[in-house]
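> Structure in structure tokens, see below.
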Amino acid sequence: MRNILAIVGRPNVGKSTLFNRLTGSREAIVDPTSGVTRDRHYGHSDWNGIEFSVIDTGGVMIGSDDVFEQAIHKQVELAIEEADTLLFIVDGREGISPLDEDVAEMIRRSGKRSFLAVNKIDTPNMEHLMGEFYALGFGMTFPLSASNGAGTGDLLDAIVADFKQVAEGSPRRLAKIHRGWSSECWKIILYQCLAWQ
Ligand SMILES: Nc1nc2c(ncn2[C@@H]2O[C@H](COP(=O)(O)OP(=O)(O)OP(=O)(O)O)[C@@H](O)[C@H]2O)c(=O)[nH]1
Ligand SMILES: [Mg+2]
């Protein structure tokens, strides 16, 4: 089973806030200063009984001369490689920035299943702010408040729809062992049949 979700976006849009909400932790540092998250951050979450891994990434600054920003960019590329689904976060209150367009392009190039969440939509009367973000060309676009949790249900329903469910009561390790066993098992039976003939 893979089920790996990477949260990506430019700095300060609320990636770590969402990561903490999904993983039920305070592991990722949330701060109003940009560029706080530098390394990839791994956590575990589940929604409606479907388990998945979450990767929090640093805010992407494309084409920057700053060595730290270049390092963060590398980390994000690695997270995109590792994940099978990408969650692109933008800041609904600030509108589309050129950096958002760069990140959108990076995600498109990856060819991976992706979702766009317009964050900081804390109240229903802010939903009109969503409008301009459809121009980024993501079919699956959701309003979100990572701070108060609004919108996370619909977003997660869509994200886990393609994730594989681990059978109830069977730990992931068991599922892996079982999968390994079955092919080995068939090989042994085949060899024994051949030996007996
Ligand atoms: N109003 C509002 N503020 C939010 C929301 N989500 C995050 N914030 C605030 O936005 C700021 C940045 O949040 P982070 O979660 O650190 O953002 P990030 O994308 O991880 O930032 P970097 O790690 O620097 O890339 C913090 O001050 C958060 O409290 C939200 O849904 N609504
Ligand atoms: Mg962060």
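In the structure tokens, chains take the letters A, B, ... in the order shown, each chain's residues start at 1, and ligands count up from 1 in the order shown.
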Quick one: everything within 10 Å of segment 13-19 of chain A, counting only C-alpha atoms, minus sequence neighbours fewer than 6 positions away in the same chain. Send it as a PyMOL selection string.
chain A and resi 6-7+25-32+34+36-37+41-45+54-59+87-94+118-120+144-149+152
> Write the residues of the preceding selection, restricted to C-alpha atoms, as an mmCIF file, in the first residue's frame.

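Listed below is the output, again_16.cif:
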```
data_model
loop_
_atom_site.group_PDB
_atom_site.id
_atom_site.type_symbol
_atom_site.label_atom_id
_atom_site.label_comp_id
_atom_site.auth_asym_id
_atom_site.auth_seq_id
_atom_site.Cartn_x
_atom_site.Cartn_y
_atom_site.Cartn_z
ATOM 1 C CA ALA A 6 2.358 15.558 -0.319
ATOM 2 C CA ILE A 7 1.258 19.072 0.620
ATOM 3 C CA SER A 25 -0.108 16.717 15.918
ATOM 4 C CA ARG A 26 1.772 19.909 16.550
ATOM 5 C CA GLU A 27 4.863 18.498 14.915
ATOM 6 C CA ALA A 28 5.216 21.020 12.105
ATOM 7 C CA ILE A 29 6.043 24.578 13.118
ATOM 8 C CA VAL A 30 3.385 27.082 12.095
ATOM 9 C CA ASP A 31 4.567 30.660 11.835
ATOM 10 C CA PRO A 32 3.556 33.897 10.119
ATOM 11 C CA SER A 34 7.726 32.666 5.383
ATOM 12 C CA VAL A 36 9.788 28.214 8.308
ATOM 13 C CA THR A 37 9.458 24.634 7.029
ATOM 14 C CA HIS A 41 7.999 16.299 7.391
ATOM 15 C CA TYR A 42 6.279 12.912 7.544
ATOM 16 C CA GLY A 43 3.079 12.032 9.371
ATOM 17 C CA HIS A 44 0.227 9.584 9.350
ATOM 18 C CA SER A 45 -3.489 10.181 8.966
ATOM 19 C CA VAL A 54 1.227 12.914 4.692
ATOM 20 C CA ILE A 55 4.344 14.877 3.749
ATOM 21 C CA ASP A 56 4.620 18.549 4.714
ATOM 22 C CA THR A 57 7.061 20.435 2.529
ATOM 23 C CA GLY A 58 8.777 23.813 2.648
ATOM 24 C CA GLY A 59 7.372 26.706 0.646
ATOM 25 C CA LEU A 87 -2.294 18.710 -2.543
ATOM 26 C CA PHE A 88 -1.527 22.193 -3.814
ATOM 27 C CA ILE A 89 -2.324 24.926 -1.273
ATOM 28 C CA VAL A 90 -2.803 28.588 -2.164
ATOM 29 C CA ASP A 91 -3.708 31.585 -0.009
ATOM 30 C CA GLY A 92 -7.284 32.639 -0.804
ATOM 31 C CA ARG A 93 -6.801 36.049 0.768
ATOM 32 C CA GLU A 94 -3.789 36.992 -1.336
ATOM 33 C CA VAL A 118 -7.777 27.534 -1.510
ATOM 34 C CA ASN A 119 -6.837 28.113 2.116
ATOM 35 C CA LYS A 120 -7.711 30.819 4.667
ATOM 36 C CA LEU A 144 -10.382 25.334 3.008
ATOM 37 C CA SER A 145 -9.624 26.746 6.404
ATOM 38 C CA ALA A 146 -6.664 24.809 7.761
ATOM 39 C CA SER A 147 -7.009 26.857 10.961
ATOM 40 C CA ASN A 148 -10.601 26.027 11.833
ATOM 41 C CA GLY A 149 -11.046 22.855 9.762
ATOM 42 C CA THR A 152 -11.440 19.490 5.213
#
```
> Could you go through chain A and tell me which residues DSSP, when run on the backbone, assigns to strand (DSSP E), listing them as an MDAnalysis selection string?
chainID A and resid 4:8 41:47 50:56 85:91 113:119 141:143
> Those same residues, written as a short mmCIF file (atom, residue, chain, number, x, y, z; two decimals), in the first residue's frame with N, CA and C atoms?

```cif
data_model
loop_
_atom_site.label_atom_id
_atom_site.label_comp_id
_atom_site.auth_asym_id
_atom_site.auth_seq_id
_atom_site.Cartn_x
_atom_site.Cartn_y
_atom_site.Cartn_z
N ILE A 4 0.26 7.98 -0.40
CA ILE A 4 1.11 9.06 0.12
C ILE A 4 0.66 10.40 -0.47
N LEU A 5 0.35 11.33 0.44
CA LEU A 5 -0.11 12.66 0.04
C LEU A 5 0.97 13.68 0.38
N ALA A 6 1.40 14.47 -0.60
CA ALA A 6 2.36 15.56 -0.32
C ALA A 6 1.63 16.89 -0.42
N ILE A 7 1.86 17.74 0.60
CA ILE A 7 1.26 19.07 0.62
C ILE A 7 2.30 20.05 0.09
N VAL A 8 1.99 20.73 -1.00
CA VAL A 8 2.95 21.67 -1.60
C VAL A 8 2.32 23.03 -1.85
N HIS A 41 8.52 16.72 6.10
CA HIS A 41 8.00 16.30 7.39
C HIS A 41 7.01 15.17 7.15
N TYR A 42 7.15 14.05 7.82
CA TYR A 42 6.28 12.91 7.54
C TYR A 42 5.30 12.69 8.69
N GLY A 43 4.07 12.36 8.35
CA GLY A 43 3.08 12.03 9.37
C GLY A 43 2.12 10.99 8.83
N HIS A 44 1.17 10.63 9.70
CA HIS A 44 0.23 9.58 9.35
C HIS A 44 -1.18 10.07 9.64
N SER A 45 -2.12 9.72 8.76
CA SER A 45 -3.49 10.18 8.97
C SER A 45 -4.45 9.11 8.49
N ASP A 46 -5.71 9.22 8.85
CA ASP A 46 -6.72 8.37 8.22
C ASP A 46 -8.04 9.11 8.14
N TRP A 47 -8.79 8.75 7.10
CA TRP A 47 -10.08 9.39 6.88
C TRP A 47 -11.06 8.30 6.49
N ILE A 50 -9.57 4.96 5.98
CA ILE A 50 -8.52 4.80 4.97
C ILE A 50 -7.26 5.51 5.46
N GLU A 51 -6.21 4.72 5.62
CA GLU A 51 -4.98 5.27 6.17
C GLU A 51 -4.09 5.83 5.06
N PHE A 52 -3.40 6.90 5.37
CA PHE A 52 -2.45 7.44 4.39
C PHE A 52 -1.32 8.21 5.09
N SER A 53 -0.22 8.36 4.36
CA SER A 53 0.90 9.15 4.87
C SER A 53 0.80 10.56 4.31
N VAL A 54 1.26 11.51 5.12
CA VAL A 54 1.23 12.91 4.69
C VAL A 54 2.64 13.47 4.76
N ILE A 55 3.04 14.20 3.73
CA ILE A 55 4.34 14.88 3.75
C ILE A 55 4.10 16.38 3.70
N ASP A 56 4.64 17.08 4.71
CA ASP A 56 4.62 18.55 4.71
C ASP A 56 5.93 18.99 4.06
N THR A 85 -0.18 11.35 -4.61
CA THR A 85 -1.19 12.40 -4.76
C THR A 85 -0.60 13.70 -4.21
N LEU A 86 -0.90 14.81 -4.90
CA LEU A 86 -0.35 16.10 -4.48
C LEU A 86 -1.49 17.04 -4.10
N LEU A 87 -1.32 17.71 -2.96
CA LEU A 87 -2.29 18.71 -2.54
C LEU A 87 -1.61 20.07 -2.62
N PHE A 88 -2.10 20.87 -3.55
CA PHE A 88 -1.53 22.19 -3.81
C PHE A 88 -2.33 23.21 -3.01
N ILE A 89 -1.64 23.94 -2.12
CA ILE A 89 -2.32 24.93 -1.27
C ILE A 89 -1.98 26.33 -1.75
N VAL A 90 -3.01 27.17 -1.87
CA VAL A 90 -2.80 28.59 -2.16
C VAL A 90 -3.49 29.42 -1.09
N ASP A 91 -3.13 30.70 -1.03
CA ASP A 91 -3.71 31.58 -0.01
C ASP A 91 -4.87 32.37 -0.63
N ARG A 113 -1.73 12.72 -9.74
CA ARG A 113 -3.09 13.08 -9.32
C ARG A 113 -2.97 14.27 -8.36
N SER A 114 -3.75 15.33 -8.61
CA SER A 114 -3.57 16.51 -7.76
C SER A 114 -4.87 17.23 -7.46
N PHE A 115 -4.85 17.95 -6.35
CA PHE A 115 -6.00 18.71 -5.87
C PHE A 115 -5.51 20.10 -5.50
N LEU A 116 -6.41 21.08 -5.67
CA LEU A 116 -6.07 22.45 -5.27
C LEU A 116 -6.97 22.83 -4.09
N ALA A 117 -6.35 23.30 -3.00
CA ALA A 117 -7.13 23.80 -1.86
C ALA A 117 -6.84 25.28 -1.70
N VAL A 118 -7.91 26.08 -1.71
CA VAL A 118 -7.78 27.53 -1.51
C VAL A 118 -7.95 27.78 -0.02
N ASN A 119 -6.84 28.05 0.65
CA ASN A 119 -6.84 28.11 2.12
C ASN A 119 -7.14 29.53 2.64
N THR A 141 -10.97 21.67 -7.11
CA THR A 141 -10.61 22.86 -6.34
C THR A 141 -11.53 23.01 -5.14
N PHE A 142 -10.96 23.15 -3.95
CA PHE A 142 -11.76 23.14 -2.72
C PHE A 142 -11.45 24.37 -1.87
N PRO A 143 -12.48 24.96 -1.24
CA PRO A 143 -12.22 26.00 -0.24
C PRO A 143 -11.79 25.33 1.06
#
```
> Please compute the atom CA of Asp39 of chain A-atom CA of Gln165 of chain A distance, one decimal, in Å.
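Distance between the two atoms: 28.7 Å.
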> Out of A:Thr123, A:Ser97, A:Gln70, A:Asn3, which residue has the shortest atom-to-atom distance to ligand 1 when counting only C-alpha atoms and all ligand atoms?
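Closest residue, counting only C-alpha atoms and all ligand atoms: A:Thr123.
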> Could you please write out, as number ranges by chain, every residue of segment 39-172 of chain A that DSSP assigns to helix (DSSP H, G or I)?
A: 67-82, 98-110, 124-136, 152-160, 172
> Pull C-alpha atoms from the residues just selected and write them as an mmCIF file, in the first residue's frame.

```
data_model
loop_
_atom_site.group_PDB
_atom_site.id
_atom_site.type_symbol
_atom_site.label_atom_id
_atom_site.label_comp_id
_atom_site.auth_asym_id
_atom_site.auth_seq_id
_atom_site.Cartn_x
_atom_site.Cartn_y
_atom_site.Cartn_z
ATOM 1 C CA VAL A 67 20.842 28.514 -1.106
ATOM 2 C CA PHE A 68 18.206 27.766 1.558
ATOM 3 C CA GLU A 69 15.403 28.341 -0.924
ATOM 4 C CA GLN A 70 17.153 26.143 -3.469
ATOM 5 C CA ALA A 71 17.465 23.412 -0.819
ATOM 6 C CA ILE A 72 13.755 23.695 -0.035
ATOM 7 C CA HIS A 73 12.961 23.424 -3.730
ATOM 8 C CA LYS A 74 14.975 20.194 -3.904
ATOM 9 C CA GLN A 75 13.057 18.840 -0.893
ATOM 10 C CA VAL A 76 9.743 19.615 -2.600
ATOM 11 C CA GLU A 77 10.838 17.854 -5.772
ATOM 12 C CA LEU A 78 11.721 14.782 -3.697
ATOM 13 C CA ALA A 79 8.335 14.888 -1.929
ATOM 14 C CA ILE A 80 6.557 15.108 -5.298
ATOM 15 C CA GLU A 81 8.523 12.061 -6.442
ATOM 16 C CA GLU A 82 7.646 10.109 -3.293
ATOM 17 C CA PRO A 98 3.428 34.287 -10.030
ATOM 18 C CA LEU A 99 4.915 31.752 -7.596
ATOM 19 C CA ASP A 100 1.583 29.919 -7.448
ATOM 20 C CA GLU A 101 1.684 29.648 -11.236
ATOM 21 C CA ASP A 102 5.214 28.221 -11.049
ATOM 22 C CA VAL A 103 4.166 25.627 -8.476
ATOM 23 C CA ALA A 104 1.093 24.747 -10.560
ATOM 24 C CA GLU A 105 3.397 24.137 -13.522
ATOM 25 C CA MET A 106 5.709 21.973 -11.399
ATOM 26 C CA ILE A 107 2.711 19.862 -10.326
ATOM 27 C CA ARG A 108 1.371 19.569 -13.870
ATOM 28 C CA ARG A 109 4.775 18.415 -15.111
ATOM 29 C CA SER A 110 4.800 15.652 -12.473
ATOM 30 C CA PRO A 124 -18.670 30.925 4.131
ATOM 31 C CA ASN A 125 -18.904 34.592 3.135
ATOM 32 C CA MET A 126 -15.281 34.396 1.917
ATOM 33 C CA GLU A 127 -16.010 31.695 -0.662
ATOM 34 C CA HIS A 128 -16.241 34.266 -3.477
ATOM 35 C CA LEU A 129 -12.419 34.540 -3.148
ATOM 36 C CA MET A 130 -12.189 31.091 -4.752
ATOM 37 C CA GLY A 131 -13.225 32.348 -8.203
ATOM 38 C CA GLU A 132 -9.890 33.470 -9.601
ATOM 39 C CA PHE A 133 -8.104 30.253 -8.604
ATOM 40 C CA TYR A 134 -9.995 28.166 -11.177
ATOM 41 C CA ALA A 135 -7.698 29.854 -13.710
ATOM 42 C CA LEU A 136 -4.865 27.673 -12.353
ATOM 43 C CA THR A 152 -11.440 19.490 5.213
ATOM 44 C CA GLY A 153 -14.234 16.872 4.983
ATOM 45 C CA ASP A 154 -15.039 17.397 1.294
ATOM 46 C CA LEU A 155 -11.360 17.708 0.449
ATOM 47 C CA LEU A 156 -10.427 14.462 2.223
ATOM 48 C CA ASP A 157 -13.394 12.573 0.731
ATOM 49 C CA ALA A 158 -12.024 13.399 -2.714
ATOM 50 C CA ILE A 159 -8.396 12.673 -1.819
ATOM 51 C CA VAL A 160 -8.977 9.227 -0.290
ATOM 52 C CA ARG A 172 -0.243 -2.872 7.077
#
```
> One decimal, in Å: what's the spacing between atom CA of Met140 of chain A and atom CA of Asp162 of chain A?
13.5 Å
> One decimal, Å: what's the distance from atom 9 (C, counted along the ligand's line) of ligand 1 over to atom CA of Thr33 of chain A, could you say?
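Answer for the atom 9 (C, counted along the ligand's line) of ligand 1 to atom CA of Thr33 of chain A separation: 9.4 Å.
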> Could you check which of A:Gly63, A:Pro11, A:Gly137, A:Gly24 is closest to ligand 2, using only C-alpha atoms and all ligand atoms?
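Using only C-alpha atoms and all ligand atoms, the shortest distance to ligand 2 belongs to A:Pro11.
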> Of the candidates A:Gly49, A:Phe138, A:Ile121, A:Arg2, which shows the shortest atom-to-atom distance to ligand 1, using only C-alpha atoms and all ligand atoms?
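Of A:Gly49, A:Phe138, A:Ile121, A:Arg2, the one nearest ligand 1, counting only C-alpha atoms and all ligand atoms, is A:Ile121.
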> When distances are computed from only C-alpha atoms, which of A:Asp122, A:Phe163, A:Ile96, A:Asp65 shows the smallest separation from Ala150 of chain A?
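That would be A:Asp122, the residue with the smallest distance to Ala150 of chain A.
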